[in-house]
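Q: So here's coords_16.txt, just compact mmCIF, C-alpha atoms:
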# COMPACT_ATOMS: atom_id res chain seq x y z
CA MET H 1 -49.40 19.64 -81.72
CA THR H 2 -48.05 18.94 -78.27
CA LEU H 3 -46.33 15.57 -77.90
CA HIS H 4 -46.53 13.86 -74.51
CA ARG H 5 -44.28 11.14 -73.11
CA ARG H 6 -46.96 8.51 -73.70
CA ASP H 7 -47.16 9.48 -77.39
CA PHE H 8 -43.36 9.35 -77.65
CA LEU H 9 -43.32 5.89 -76.13
CA ARG H 10 -46.01 4.53 -78.43
CA GLY H 11 -44.02 5.56 -81.46
CA ALA H 12 -40.56 4.79 -80.16
CA ALA H 13 -40.49 1.14 -81.14
CA LEU H 14 -41.70 1.94 -84.64
CA ALA H 15 -39.02 4.38 -85.65
CA SER H 16 -35.27 4.80 -85.57
CA LEU H 17 -34.57 7.39 -82.92
CA GLY H 18 -30.83 7.80 -83.26
CA ALA H 19 -27.79 7.08 -85.34
CA SER H 20 -26.68 3.52 -85.91
CA LEU H 21 -24.02 2.35 -83.52
CA SER H 22 -20.69 0.88 -84.31
CA PRO H 23 -19.11 -1.34 -81.62
CA GLU H 24 -16.90 1.63 -80.75
CA ASP H 25 -19.87 3.99 -80.27
CA ALA H 26 -21.58 1.41 -78.07
CA GLY H 27 -18.93 1.70 -75.41
CA GLY H 28 -16.24 -0.69 -76.56
CA GLY H 29 -12.93 0.01 -78.28
CA ARG H 30 -11.79 3.50 -79.04
CA GLY H 31 -15.28 5.01 -78.80
CA GLY H 32 -15.83 4.08 -75.17
CA VAL H 33 -15.28 6.59 -72.40
CA ARG H 34 -12.73 5.38 -69.89
CA ALA H 35 -12.10 6.75 -66.43
CA GLY H 36 -9.09 9.00 -66.10
CA ALA H 37 -8.13 12.64 -65.78
CA PRO H 38 -11.06 14.55 -67.30
CA ARG H 39 -10.11 16.53 -70.38
CA GLY H 40 -13.35 18.45 -70.66
CA PRO H 41 -15.95 18.67 -73.40
CA ASP H 42 -14.86 18.11 -76.99
CA ARG H 43 -17.51 20.50 -78.25
CA THR H 44 -19.41 23.48 -76.93
CA PRO H 45 -22.66 22.92 -75.07
CA GLN H 46 -25.56 22.38 -77.46
CA GLN H 47 -28.46 22.53 -75.05
CA VAL H 48 -30.59 25.11 -76.78
CA HIS H 49 -34.25 26.04 -76.97
CA GLY H 50 -36.26 22.87 -77.40
CA LYS H 51 -34.10 19.78 -77.65
CA ALA H 52 -31.63 19.28 -74.80
CA THR H 53 -28.30 18.04 -76.17
CA HIS H 54 -25.35 17.78 -73.82
CA SER H 55 -21.62 18.21 -74.34
CA LEU H 56 -19.29 15.23 -74.64
CA LEU H 57 -16.27 14.44 -72.50
CA GLU H 58 -13.14 13.27 -74.30
CA GLU H 59 -12.31 11.19 -71.21
CA ASP H 60 -14.48 10.37 -68.26
CA HIS H 61 -13.85 11.83 -64.79
CA PRO H 62 -12.85 9.46 -61.98
CA TYR H 63 -16.09 9.74 -59.98
CA ILE H 64 -19.22 7.61 -60.10
CA PHE H 65 -21.98 10.13 -60.79
CA VAL H 66 -25.55 9.04 -60.07
CA ASP H 67 -28.24 11.49 -61.19
CA ALA H 68 -31.13 10.50 -58.95
CA CYS H 69 -33.84 12.05 -61.14
CA MET H 70 -33.84 13.03 -64.79
CA GLN H 71 -35.85 12.66 -68.01
CA MET H 72 -35.00 11.02 -71.33
CA TRP H 73 -37.21 11.73 -74.33
CA PRO H 74 -37.19 9.49 -77.41
CA ASP H 75 -35.62 12.06 -79.75
CA GLY H 76 -32.51 12.16 -77.56
CA ASP H 77 -29.03 11.56 -78.94
CA PHE H 78 -28.76 8.22 -77.22
CA HIS H 79 -25.69 7.18 -79.16
CA HIS H 80 -23.84 9.81 -77.06
CA GLY H 81 -25.58 9.00 -73.76
CA HIS H 82 -22.49 7.39 -72.22
CA ARG H 83 -20.21 10.37 -72.95
CA HIS H 84 -21.71 13.10 -70.75
CA GLY H 85 -19.99 12.14 -67.48
CA VAL H 86 -23.01 10.37 -65.95
CA THR H 87 -22.53 6.84 -64.61
CA THR H 88 -26.21 6.15 -63.93
CA TYR H 89 -29.31 8.04 -64.97
CA ALA H 90 -32.32 7.45 -62.72
CA VAL H 91 -34.85 7.80 -65.52
CA THR H 92 -38.48 8.64 -64.93
CA ALA H 93 -39.83 5.41 -66.41
CA TRP H 94 -43.33 6.71 -67.17
CA ASP H 95 -45.58 9.72 -66.62
CA PRO H 96 -46.88 10.27 -63.10
CA HIS H 97 -50.47 9.23 -62.40
CA ALA H 98 -50.06 6.25 -64.71
CA THR H 99 -52.52 3.45 -65.32
CA PRO H 100 -51.24 -0.14 -65.14
CA ALA H 101 -51.24 -0.24 -68.96
CA SER H 102 -49.30 3.00 -69.44
CA ALA H 103 -46.82 2.05 -66.73
CA MET H 104 -46.22 -1.31 -68.42
CA GLU H 105 -45.81 0.39 -71.79
CA GLY H 106 -43.37 2.80 -70.20
CA ILE H 107 -41.12 0.25 -68.52
CA LEU H 108 -40.98 -1.97 -71.62
CA TYR H 109 -39.79 0.99 -73.67
CA TRP H 110 -36.58 1.15 -71.62
CA HIS H 111 -35.86 -2.49 -72.39
CA TRP H 112 -36.21 -1.69 -76.08
CA LEU H 113 -33.93 1.35 -75.72
CA SER H 114 -31.28 -0.64 -73.89
CA ARG H 115 -31.32 -3.33 -76.58
CA GLU H 116 -30.90 -0.68 -79.29
CA TYR H 117 -28.15 1.12 -77.35
CA PRO H 118 -26.13 -1.49 -75.41
CA HIS H 119 -23.96 1.25 -73.89
CA LEU H 120 -27.09 2.22 -71.88
CA PRO H 121 -27.70 -0.95 -69.85
CA ILE H 122 -30.54 -1.27 -67.35
CA VAL H 123 -28.98 -1.57 -63.90
CA ARG H 124 -30.40 -3.86 -61.23
CA THR H 125 -27.45 -4.08 -58.82
CA VAL H 126 -24.66 -1.86 -57.57
CA GLN H 127 -22.25 -4.19 -59.34
CA ASP H 128 -24.02 -3.28 -62.59
CA ILE H 129 -23.36 0.41 -61.90
CA ARG H 130 -19.70 -0.10 -61.08
CA ARG H 131 -19.28 -2.29 -64.15
CA ALA H 132 -20.84 0.40 -66.33
CA LYS H 133 -18.26 2.86 -65.03
CA GLU H 134 -15.40 0.48 -65.77
CA GLU H 135 -16.67 -0.23 -69.28
CA GLY H 136 -17.39 3.38 -70.25
CA LYS H 137 -21.16 2.90 -70.28
CA ALA H 138 -24.01 4.74 -68.57
CA GLY H 139 -26.63 2.73 -66.69
CA LEU H 140 -30.38 3.30 -66.65
CA LEU H 141 -31.95 3.04 -63.21
CA LEU H 142 -35.69 2.58 -63.74
CA ALA H 143 -37.64 4.79 -61.33
CA ALA H 144 -41.33 5.55 -60.92
CA GLN H 145 -42.61 8.96 -59.85
CA ASP H 146 -45.93 7.66 -58.64
CA GLY H 147 -47.71 4.66 -57.17
CA ASP H 148 -51.10 5.25 -58.82
CA TRP H 149 -50.51 2.35 -61.24
CA ILE H 150 -50.50 -0.15 -58.37
CA GLY H 151 -54.20 0.45 -57.75
CA LEU H 152 -55.10 -1.90 -54.92
CA GLU H 153 -53.19 -4.81 -56.45
CA LEU H 154 -50.05 -5.45 -54.39
CA HIS H 155 -48.79 -8.19 -56.74
CA ARG H 156 -48.07 -5.60 -59.45
CA LEU H 157 -44.98 -4.53 -57.53
CA LYS H 158 -43.39 -7.95 -57.97
CA ALA H 159 -44.07 -7.92 -61.71
CA PHE H 160 -42.53 -4.47 -62.16
CA HIS H 161 -39.56 -5.33 -59.95
CA ASP H 162 -38.93 -8.34 -62.20
CA LEU H 163 -38.90 -5.90 -65.14
CA GLY H 164 -36.23 -3.78 -63.47
CA LEU H 165 -38.07 -1.21 -61.32
CA ARG H 166 -35.62 -0.26 -58.58
CA MET H 167 -36.87 3.03 -57.08
CA MET H 168 -40.30 4.61 -56.68
CA LEU H 169 -42.24 7.25 -54.81
CA LEU H 170 -45.75 6.56 -53.62
CA ALA H 171 -47.51 9.85 -54.41
CA TYR H 172 -46.69 12.55 -56.96
CA ASN H 173 -47.88 15.92 -55.56
CA ALA H 174 -51.51 14.76 -55.32
CA THR H 175 -53.03 12.44 -52.72
CA ASN H 176 -53.70 8.91 -53.97
CA GLN H 177 -54.60 5.51 -52.54
CA LEU H 178 -51.18 5.16 -50.89
CA ALA H 179 -50.28 8.52 -49.35
CA ASP H 180 -50.78 12.26 -49.43
CA GLY H 181 -48.97 14.39 -52.00
CA CYS H 182 -46.88 17.38 -51.01
CA LEU H 183 -49.02 19.93 -52.93
CA ASP H 184 -52.41 18.72 -51.72
CA ARG H 185 -54.54 20.38 -49.04
CA THR H 186 -54.43 17.43 -46.67
CA ASP H 187 -51.52 15.90 -44.79
CA GLY H 188 -53.06 12.60 -43.79
CA GLY H 189 -49.94 10.51 -44.10
CA LEU H 190 -49.69 6.91 -45.21
CA THR H 191 -52.83 4.86 -45.88
CA ARG H 192 -53.22 1.31 -44.62
CA PHE H 193 -52.66 -0.01 -48.13
CA GLY H 194 -49.70 2.36 -48.51
CA ALA H 195 -48.16 0.70 -45.45
CA LEU H 196 -48.44 -2.67 -47.23
CA VAL H 197 -46.70 -1.18 -50.26
CA VAL H 198 -43.83 0.01 -48.05
CA GLU H 199 -43.43 -3.51 -46.65
CA GLU H 200 -43.56 -5.07 -50.12
CA CYS H 201 -40.95 -2.64 -51.49
CA ASN H 202 -38.71 -3.59 -48.56
CA ARG H 203 -39.23 -7.27 -49.30
CA LEU H 204 -38.58 -6.99 -53.04
CA GLY H 205 -35.74 -4.49 -52.91
CA ILE H 206 -37.25 -1.27 -54.29
CA VAL H 207 -35.84 1.99 -52.93
CA LEU H 208 -38.59 4.14 -51.42
CA ASP H 209 -38.39 7.70 -52.73
CA LEU H 210 -39.99 10.39 -50.56
CA SER H 211 -39.92 13.33 -52.98
CA HIS H 212 -43.26 14.88 -54.06
CA THR H 213 -44.90 13.24 -51.02
CA GLY H 214 -46.71 14.91 -48.12
CA LYS H 215 -44.64 15.62 -45.02
CA ARG H 216 -46.48 13.32 -42.62
CA ALA H 217 -46.35 10.51 -45.18
CA THR H 218 -42.58 10.93 -45.66
CA LEU H 219 -42.01 10.66 -41.92
CA GLU H 220 -44.25 7.61 -41.61
CA ILE H 221 -42.65 5.86 -44.60
CA ALA H 222 -39.14 6.50 -43.24
CA GLU H 223 -40.14 5.20 -39.82
CA ARG H 224 -41.94 2.11 -41.13
CA SER H 225 -39.34 1.13 -43.71
CA THR H 226 -36.76 -1.43 -42.63
CA HIS H 227 -34.34 0.01 -45.21
CA PRO H 228 -33.06 3.55 -45.77
CA CYS H 229 -35.22 5.81 -47.92
CA VAL H 230 -34.22 8.68 -50.19
CA PHE H 231 -35.46 12.04 -51.35
CA SER H 232 -34.40 11.68 -54.97
CA HIS H 233 -34.85 15.38 -55.84
CA SER H 234 -35.74 17.74 -53.02
CA ASN H 235 -34.00 20.73 -51.40
CA PRO H 236 -33.97 22.28 -47.91
CA ALA H 237 -37.05 24.42 -47.35
CA ALA H 238 -35.13 26.33 -44.68
CA ARG H 239 -33.11 27.89 -47.51
CA VAL H 240 -35.72 27.79 -50.30
CA PRO H 241 -39.26 27.60 -48.88
CA ASN H 242 -40.84 26.12 -52.00
CA PRO H 243 -43.81 23.74 -51.43
CA ARG H 244 -41.82 21.05 -53.23
CA ASN H 245 -38.90 21.28 -50.83
CA ILE H 246 -38.52 19.57 -47.46
CA ASP H 247 -37.91 20.84 -43.95
CA ASP H 248 -35.12 19.94 -41.57
CA GLU H 249 -37.29 17.42 -39.71
CA GLN H 250 -37.71 15.46 -42.95
CA ILE H 251 -34.02 15.73 -43.79
CA LEU H 252 -33.02 14.42 -40.35
CA ALA H 253 -35.61 11.62 -40.44
CA CYS H 254 -34.16 10.43 -43.73
CA ALA H 255 -30.51 10.86 -42.76
CA SER H 256 -30.81 9.31 -39.29
CA ARG H 257 -31.93 6.03 -40.87
CA GLY H 258 -29.08 5.95 -43.36
CA GLY H 259 -30.95 7.61 -46.22
CA VAL H 260 -29.80 10.16 -48.78
CA VAL H 261 -31.21 13.52 -49.90
CA GLY H 262 -30.64 14.07 -53.61
CA LEU H 263 -30.27 17.83 -53.83
CA CYS H 264 -31.71 19.10 -57.08
CA SER H 265 -30.14 21.66 -59.43
CA TRP H 266 -33.50 22.52 -61.03
CA GLY H 267 -33.70 26.28 -60.76
CA PRO H 268 -37.13 26.78 -59.13
CA LEU H 269 -36.06 24.61 -56.18
CA VAL H 270 -32.80 26.55 -55.73
CA MET H 271 -34.04 30.14 -56.17
CA LYS H 272 -33.98 31.92 -52.80
CA PRO H 273 -36.95 34.06 -51.80
CA GLY H 274 -36.64 37.73 -52.64
CA THR H 275 -34.10 37.19 -55.43
CA ARG H 276 -34.63 37.91 -59.12
CA GLY H 277 -31.52 36.45 -60.74
CA ARG H 278 -30.88 32.94 -61.95
CA PRO H 279 -29.32 30.81 -59.18
CA ASP H 280 -25.87 29.41 -59.82
CA VAL H 281 -23.70 26.48 -58.79
CA ASP H 282 -22.66 28.19 -55.56
CA ASP H 283 -26.31 28.61 -54.58
CA TYR H 284 -26.70 24.89 -55.24
CA ILE H 285 -23.64 24.01 -53.14
CA ASP H 286 -25.03 26.22 -50.34
CA LEU H 287 -27.85 23.67 -50.07
CA MET H 288 -25.29 20.90 -49.63
CA ASP H 289 -23.66 22.95 -46.89
CA HIS H 290 -27.01 23.23 -45.15
CA VAL H 291 -27.59 19.47 -45.15
CA ALA H 292 -23.99 18.81 -44.08
CA GLN H 293 -24.38 21.20 -41.14
CA ARG H 294 -27.71 19.70 -40.06
CA THR H 295 -26.62 16.06 -40.36
CA GLY H 296 -23.00 16.41 -39.26
CA GLY H 297 -21.33 15.35 -42.50
CA THR H 298 -21.78 14.48 -46.16
CA GLU H 299 -23.04 10.90 -45.78
CA ALA H 300 -26.66 11.92 -46.49
CA ILE H 301 -26.04 14.12 -49.56
CA GLY H 302 -26.59 13.08 -53.16
CA MET H 303 -27.30 14.86 -56.43
CA SER H 304 -30.11 15.12 -58.94
CA THR H 305 -30.69 17.46 -61.86
CA ASP H 306 -34.17 16.99 -63.37
CA LEU H 307 -32.33 17.63 -66.64
CA SER H 308 -33.59 16.25 -69.92
CA ILE H 309 -31.96 14.44 -72.79
CA GLY H 310 -34.09 15.13 -75.86
CA THR H 311 -37.10 17.41 -76.12
CA TYR H 312 -39.19 18.01 -73.01
CA PRO H 313 -42.76 18.26 -74.35
CA GLN H 314 -44.86 21.33 -73.80
CA HIS H 315 -47.82 20.87 -71.46
CA GLU H 316 -51.32 21.45 -72.75
CA ALA H 317 -53.87 23.26 -70.60
CA ASP H 318 -56.59 21.07 -69.14
CA VAL H 319 -59.77 22.39 -70.76
CA TRP H 320 -61.86 20.86 -67.97
CA GLY H 321 -59.93 22.70 -65.30
CA ALA H 322 -56.61 21.77 -63.75
CA ILE H 323 -56.31 21.02 -60.03
CA PRO H 324 -55.33 24.34 -58.38
CA PHE H 325 -52.04 23.19 -56.84
CA PRO H 326 -49.58 25.82 -55.56
CA ASN H 327 -47.49 27.28 -58.37
CA ILE H 328 -43.99 26.12 -57.45
CA THR H 329 -42.34 27.97 -60.36
CA GLU H 330 -44.08 31.35 -60.12
CA GLN H 331 -41.04 33.34 -58.95
CA TYR H 332 -38.75 31.64 -61.44
CA ASP H 333 -41.19 32.08 -64.32
CA ARG H 334 -41.45 35.79 -63.60
CA TYR H 335 -37.81 36.71 -63.13
CA VAL H 336 -35.73 34.07 -64.96
CA THR H 337 -37.67 32.12 -67.59
CA ALA H 338 -41.03 30.42 -67.96
CA ASP H 339 -39.78 28.33 -70.89
CA ILE H 340 -39.72 24.76 -69.58
CA THR H 341 -37.39 23.71 -72.42
CA SER H 342 -34.75 26.37 -71.70
CA PRO H 343 -31.37 25.40 -70.22
CA GLU H 344 -31.86 28.38 -67.89
CA ARG H 345 -34.36 26.29 -65.96
CA ASN H 346 -31.33 24.74 -64.25
CA VAL H 347 -28.75 26.58 -62.19
CA GLU H 348 -26.12 28.56 -64.05
CA GLY H 349 -22.99 26.47 -64.39
CA PHE H 350 -24.83 23.14 -64.30
CA ASP H 351 -27.29 23.07 -67.17
CA ASP H 352 -25.17 20.64 -69.20
CA TYR H 353 -24.17 17.21 -67.93
CA ALA H 354 -20.51 17.56 -68.87
CA GLN H 355 -20.27 20.46 -66.41
CA ILE H 356 -20.22 17.87 -63.61
CA VAL H 357 -16.43 18.09 -63.91
CA LYS H 358 -16.56 21.79 -62.99
CA VAL H 359 -19.11 21.13 -60.24
CA ALA H 360 -16.69 18.65 -58.65
CA GLN H 361 -13.89 21.21 -58.92
CA ARG H 362 -16.07 23.85 -57.30
CA LEU H 363 -16.94 21.49 -54.45
CA SER H 364 -13.21 21.04 -53.85
CA GLU H 365 -12.69 24.81 -53.88
CA ARG H 366 -15.50 25.17 -51.35
CA GLY H 367 -13.66 22.88 -48.92
CA PHE H 368 -15.18 19.47 -49.62
CA SER H 369 -12.65 16.64 -49.51
CA ASP H 370 -12.23 14.10 -52.28
CA LEU H 371 -14.06 11.57 -50.10
CA ASP H 372 -16.90 14.06 -49.65
CA ILE H 373 -17.11 14.61 -53.40
CA ARG H 374 -17.15 10.88 -54.12
CA ARG H 375 -19.93 10.41 -51.60
CA ILE H 376 -22.00 13.30 -52.94
CA LEU H 377 -21.66 12.41 -56.61
CA GLY H 378 -22.65 8.79 -56.19
CA GLU H 379 -21.22 6.66 -53.42
CA ASN H 380 -23.90 7.64 -50.89
CA PHE H 381 -26.63 6.48 -53.25
CA LEU H 382 -24.70 3.28 -53.99
CA ARG H 383 -24.57 2.53 -50.26
CA VAL H 384 -28.37 2.79 -50.03
CA PHE H 385 -28.88 0.82 -53.25
CA GLU H 386 -26.69 -2.01 -51.99
CA GLU H 387 -28.58 -2.22 -48.72
CA VAL H 388 -31.98 -2.21 -50.42
CA TRP H 389 -31.22 -4.24 -53.56
CA GLY H 390 -28.75 -6.64 -52.00
CA ALA H 391 -25.22 -7.36 -53.13
Transcribe the structure of this file into structure tokens.
A:
Amino acid sequence: MTLHRRDFLRGAALASLGASLSPEDAGGGRGGVRAGAPRGPDRTPQQVHGKATHSLLEEDHPYIFVDACMQMWPDGDFHHGHRHGVTTYAVTAWDPHATPASAMEGILYWHWLSREYPHLPIVRTVQDIRRAKEEGKAGLLLAAQDGDWIGLELHRLKAFHDLGLRMMLLAYNATNQLADGCLDRTDGGLTRFGALVVEECNRLGIVLDLSHTGKRATLEIAERSTHPCVFSHSNPAARVPNPRNIDDEQILACASRGGVVGLCSWGPLVMKPGTRGRPDVDDYIDLMDHVAQRTGGTEAIGMSTDLSIGTYPQHEADVWGAIPFPNITEQYDRYVTADITSPERNVEGFDDYAQIVKVAQRLSERGFSDLDIRRILGENFLRVFEEVWGA
């Protein structure tokens, strides 16, 4: 039987999902990961078919690493979540196209998880993120990959912000009441109610995420917003013309207003047309080069992985007929792997979180300065977060 996120979340509070924590495991004392010269993983990567389990670092690297989009599933090894080299995970807080009830159930789950695993605190401020780094913890940034759950009730945003929601996109691939999705047939932009949502997110301090959203809508959101926006996980379509990627006009619209493009190491968004091999870290860094060349520097570059911790559930076919969206993984499925649980779905050399140490080294070898690397791994996102969330 296929298990969906919503089914995981319903059962999560009723079962023990990980080992019991000692104070040391929870981030204090000898079990905590402290910043210093990275010594590499203390075991071989264990991300295998099915459950995604990442290697552990004996000592943390000196960078703040913000993964702007990832997934955590309730069978994850959460007692190790602070030892993979990630400072903050921007977790997908609930399934896209959520109802108000399922969105509420989703966001409350993360509060339960953070209580059970105090080394995974929910972050609401940049100070929370920096403190997590200092204390050897890994923060959870609660992010929504849709705005369907808002309905036409603007006040729901305030309630979810109070519960810790700090980043959201308005439409996930499909057109909704707020904006057009990037895989839909239309490109109608932002609706009138969507414009009110943009204003309310600005008022509350919720980062507007433009990924998965139709082109015209992304441009209109970026123009209307009084704060910088981000693409949490999108790549340059000029290099990889996938329907999920974004063109240079979108990149420049985001960057020119102080925003950040979180370049994604998920293989289908990195695989160049006409190729048949699995893309690697250098292909991924090529995308950073592209953004740097177009924007004149590294101030608009961030990182995301779309990696999982735990078991990514298989998707069931819709017996009533799925919406015929473009197949964004067709080339990858054919020539690399169609197994959505395989580590090969991410670029070679970055399918395990602890490999962030080697990614940073490779960036240095490719000519990026230490300042560039610090910006790319996390400081650029922190700059946007501080402007949107406040000090």
Q: Determine, counting all atoms listed in the file, which protein, DNA and RNA residues have an atom within 10 Å of an atom of stretch 92-99 of chain H; residues of the same chain fewer than 4 positions away are not included. Present the result as a short mmCIF file (atom, residue, chain, number, x, y, z; two decimals) with C-alpha atoms, in the coordinates of the input.
A:
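File produced: selection-v5.cif:
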data_model
loop_
_atom_site.label_atom_id
_atom_site.label_comp_id
_atom_site.auth_asym_id
_atom_site.auth_seq_id
_atom_site.Cartn_x
_atom_site.Cartn_y
_atom_site.Cartn_z
CA HIS H 4 -46.53 13.86 -74.51
CA ARG H 5 -44.28 11.14 -73.11
CA ARG H 6 -46.96 8.51 -73.70
CA LEU H 9 -43.32 5.89 -76.13
CA ALA H 68 -31.13 10.50 -58.95
CA CYS H 69 -33.84 12.05 -61.14
CA MET H 70 -33.84 13.03 -64.79
CA GLN H 71 -35.85 12.66 -68.01
CA MET H 72 -35.00 11.02 -71.33
CA TRP H 73 -37.21 11.73 -74.33
CA ALA H 103 -46.82 2.05 -66.73
CA MET H 104 -46.22 -1.31 -68.42
CA GLU H 105 -45.81 0.39 -71.79
CA GLY H 106 -43.37 2.80 -70.20
CA ILE H 107 -41.12 0.25 -68.52
CA LEU H 108 -40.98 -1.97 -71.62
CA TYR H 109 -39.79 0.99 -73.67
CA TRP H 110 -36.58 1.15 -71.62
CA LEU H 140 -30.38 3.30 -66.65
CA LEU H 141 -31.95 3.04 -63.21
CA LEU H 142 -35.69 2.58 -63.74
CA ALA H 143 -37.64 4.79 -61.33
CA ALA H 144 -41.33 5.55 -60.92
CA GLN H 145 -42.61 8.96 -59.85
CA ASP H 146 -45.93 7.66 -58.64
CA GLY H 147 -47.71 4.66 -57.17
CA ASP H 148 -51.10 5.25 -58.82
CA TRP H 149 -50.51 2.35 -61.24
CA ILE H 150 -50.50 -0.15 -58.37
CA GLY H 151 -54.20 0.45 -57.75
CA LEU H 165 -38.07 -1.21 -61.32
CA MET H 167 -36.87 3.03 -57.08
CA MET H 168 -40.30 4.61 -56.68
CA LEU H 169 -42.24 7.25 -54.81
CA ALA H 171 -47.51 9.85 -54.41
CA TYR H 172 -46.69 12.55 -56.96
CA ASN H 173 -47.88 15.92 -55.56
CA ALA H 174 -51.51 14.76 -55.32
CA ASN H 176 -53.70 8.91 -53.97
CA ASP H 306 -34.17 16.99 -63.37
#
Q: Can you list, as a ChimeraX atom specification, every protein, DNA or RNA residue that comes within 9 Å of H:Asn346 when you count all atoms listed in the file, leaving out same-chain residues fewer than 5 positions away?
A: /H:265-268,270,278-280,305-307,351-352
Q: Next, the residues of the selection above should be written as a PDB file, in the coordinates of the input with C-alpha atoms.
A:
ATOM      1  CA  SER H 265     -30.140  21.660 -59.430  1.00  0.00           C
ATOM      2  CA  TRP H 266     -33.500  22.520 -61.030  1.00  0.00           C
ATOM      3  CA  GLY H 267     -33.700  26.280 -60.760  1.00  0.00           C
ATOM      4  CA  PRO H 268     -37.130  26.780 -59.130  1.00  0.00           C
ATOM      5  CA  VAL H 270     -32.800  26.550 -55.730  1.00  0.00           C
ATOM      6  CA  ARG H 278     -30.880  32.940 -61.950  1.00  0.00           C
ATOM      7  CA  PRO H 279     -29.320  30.810 -59.180  1.00  0.00           C
ATOM      8  CA  ASP H 280     -25.870  29.410 -59.820  1.00  0.00           C
ATOM      9  CA  THR H 305     -30.690  17.460 -61.860  1.00  0.00           C
ATOM     10  CA  ASP H 306     -34.170  16.990 -63.370  1.00  0.00           C
ATOM     11  CA  LEU H 307     -32.330  17.630 -66.640  1.00  0.00           C
ATOM     12  CA  ASP H 351     -27.290  23.070 -67.170  1.00  0.00           C
ATOM     13  CA  ASP H 352     -25.170  20.640 -69.200  1.00  0.00           C
TER      14      ASP H 352
END
Q: Excluding stretch 235-243 of chain H and any residue of its chain fewer than 2 positions from it, enumerate the residues within 8 Å of it, using all atoms listed in the file, and give them as a ChimeraX atom specification.
A: /H:182-183,233,245-248,251,261-264,269-273,287,290-291,326,328
Q: Expressed in Å to a single decimal, how great is the separation between atom CA of H:Ser304 and atom CA of H:Thr213?
A: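 Value for the atom CA of H:Ser304-atom CA of H:Thr213 distance: 16.9 Å.
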Q: Neighbours of H:Cys201 within 12 Å (all atoms listed in the file; same-chain residues fewer than 3 positions away dropped), as a ChimeraX atom specification?
A: /H:147,154-161,165-170,194-198,204-209,221,224-229,388-389
Q: Using only C-alpha atoms, which of H:Ile376, H:Ala52, H:Leu120, H:Leu371 sits nearest H:Ile340?
A: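 Using only C-alpha atoms, H:Ile340 sits closest to H:Ala52.
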Q: Nearest residue to H:Gly188 out of H:Glu220, H:Glu153, H:Asp370, H:Glu200, using all atoms listed in the file?
A: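 Closest to H:Gly188 of all the choices is H:Glu220.
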Q: For H:Gly367, which residue among H:Val384, H:Ile285, H:Val66, H:Val336 is the nearest when counting all atoms listed in the file?
A: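 The answer is H:Ile285, which sits nearest to H:Gly367.
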Q: Write out N, CA and C atoms for stretch 290-301 of chain H, as a CSV table (one decimal), in the frame of the given file.
A:
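Below is the file selection-v4.csv, written as the result:
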chain,number,residue,atom,x,y,z
H,290,HIS,N,-25.9,23.3,-46.1
H,290,HIS,CA,-27.0,23.2,-45.2
H,290,HIS,C,-27.3,21.8,-44.6
H,291,VAL,N,-27.3,20.9,-45.6
H,291,VAL,CA,-27.6,19.5,-45.2
H,291,VAL,C,-26.4,18.9,-44.4
H,292,ALA,N,-25.2,19.3,-44.8
H,292,ALA,CA,-24.0,18.8,-44.1
H,292,ALA,C,-24.0,19.3,-42.6
H,293,GLN,N,-24.4,20.6,-42.5
H,293,GLN,CA,-24.4,21.2,-41.1
H,293,GLN,C,-25.5,20.6,-40.3
H,294,ARG,N,-26.6,20.3,-40.9
H,294,ARG,CA,-27.7,19.7,-40.1
H,294,ARG,C,-27.5,18.2,-39.7
H,295,THR,N,-26.8,17.5,-40.6
H,295,THR,CA,-26.6,16.1,-40.4
H,295,THR,C,-25.2,15.7,-39.8
H,296,GLY,N,-24.3,16.7,-39.8
H,296,GLY,CA,-23.0,16.4,-39.3
H,296,GLY,C,-22.0,15.8,-40.2
H,297,GLY,N,-22.3,15.9,-41.5
H,297,GLY,CA,-21.3,15.4,-42.5
H,297,GLY,C,-22.0,15.3,-43.9
H,298,THR,N,-21.3,14.6,-44.8
H,298,THR,CA,-21.8,14.5,-46.2
H,298,THR,C,-22.4,13.1,-46.5
H,299,GLU,N,-22.6,12.3,-45.5
H,299,GLU,CA,-23.0,10.9,-45.8
H,299,GLU,C,-24.5,10.9,-46.3
H,300,ALA,N,-25.2,11.9,-46.1
H,300,ALA,CA,-26.7,11.9,-46.5
H,300,ALA,C,-26.9,12.8,-47.7
H,301,ILE,N,-25.9,13.2,-48.4
H,301,ILE,CA,-26.0,14.1,-49.6
H,301,ILE,C,-25.8,13.4,-50.9
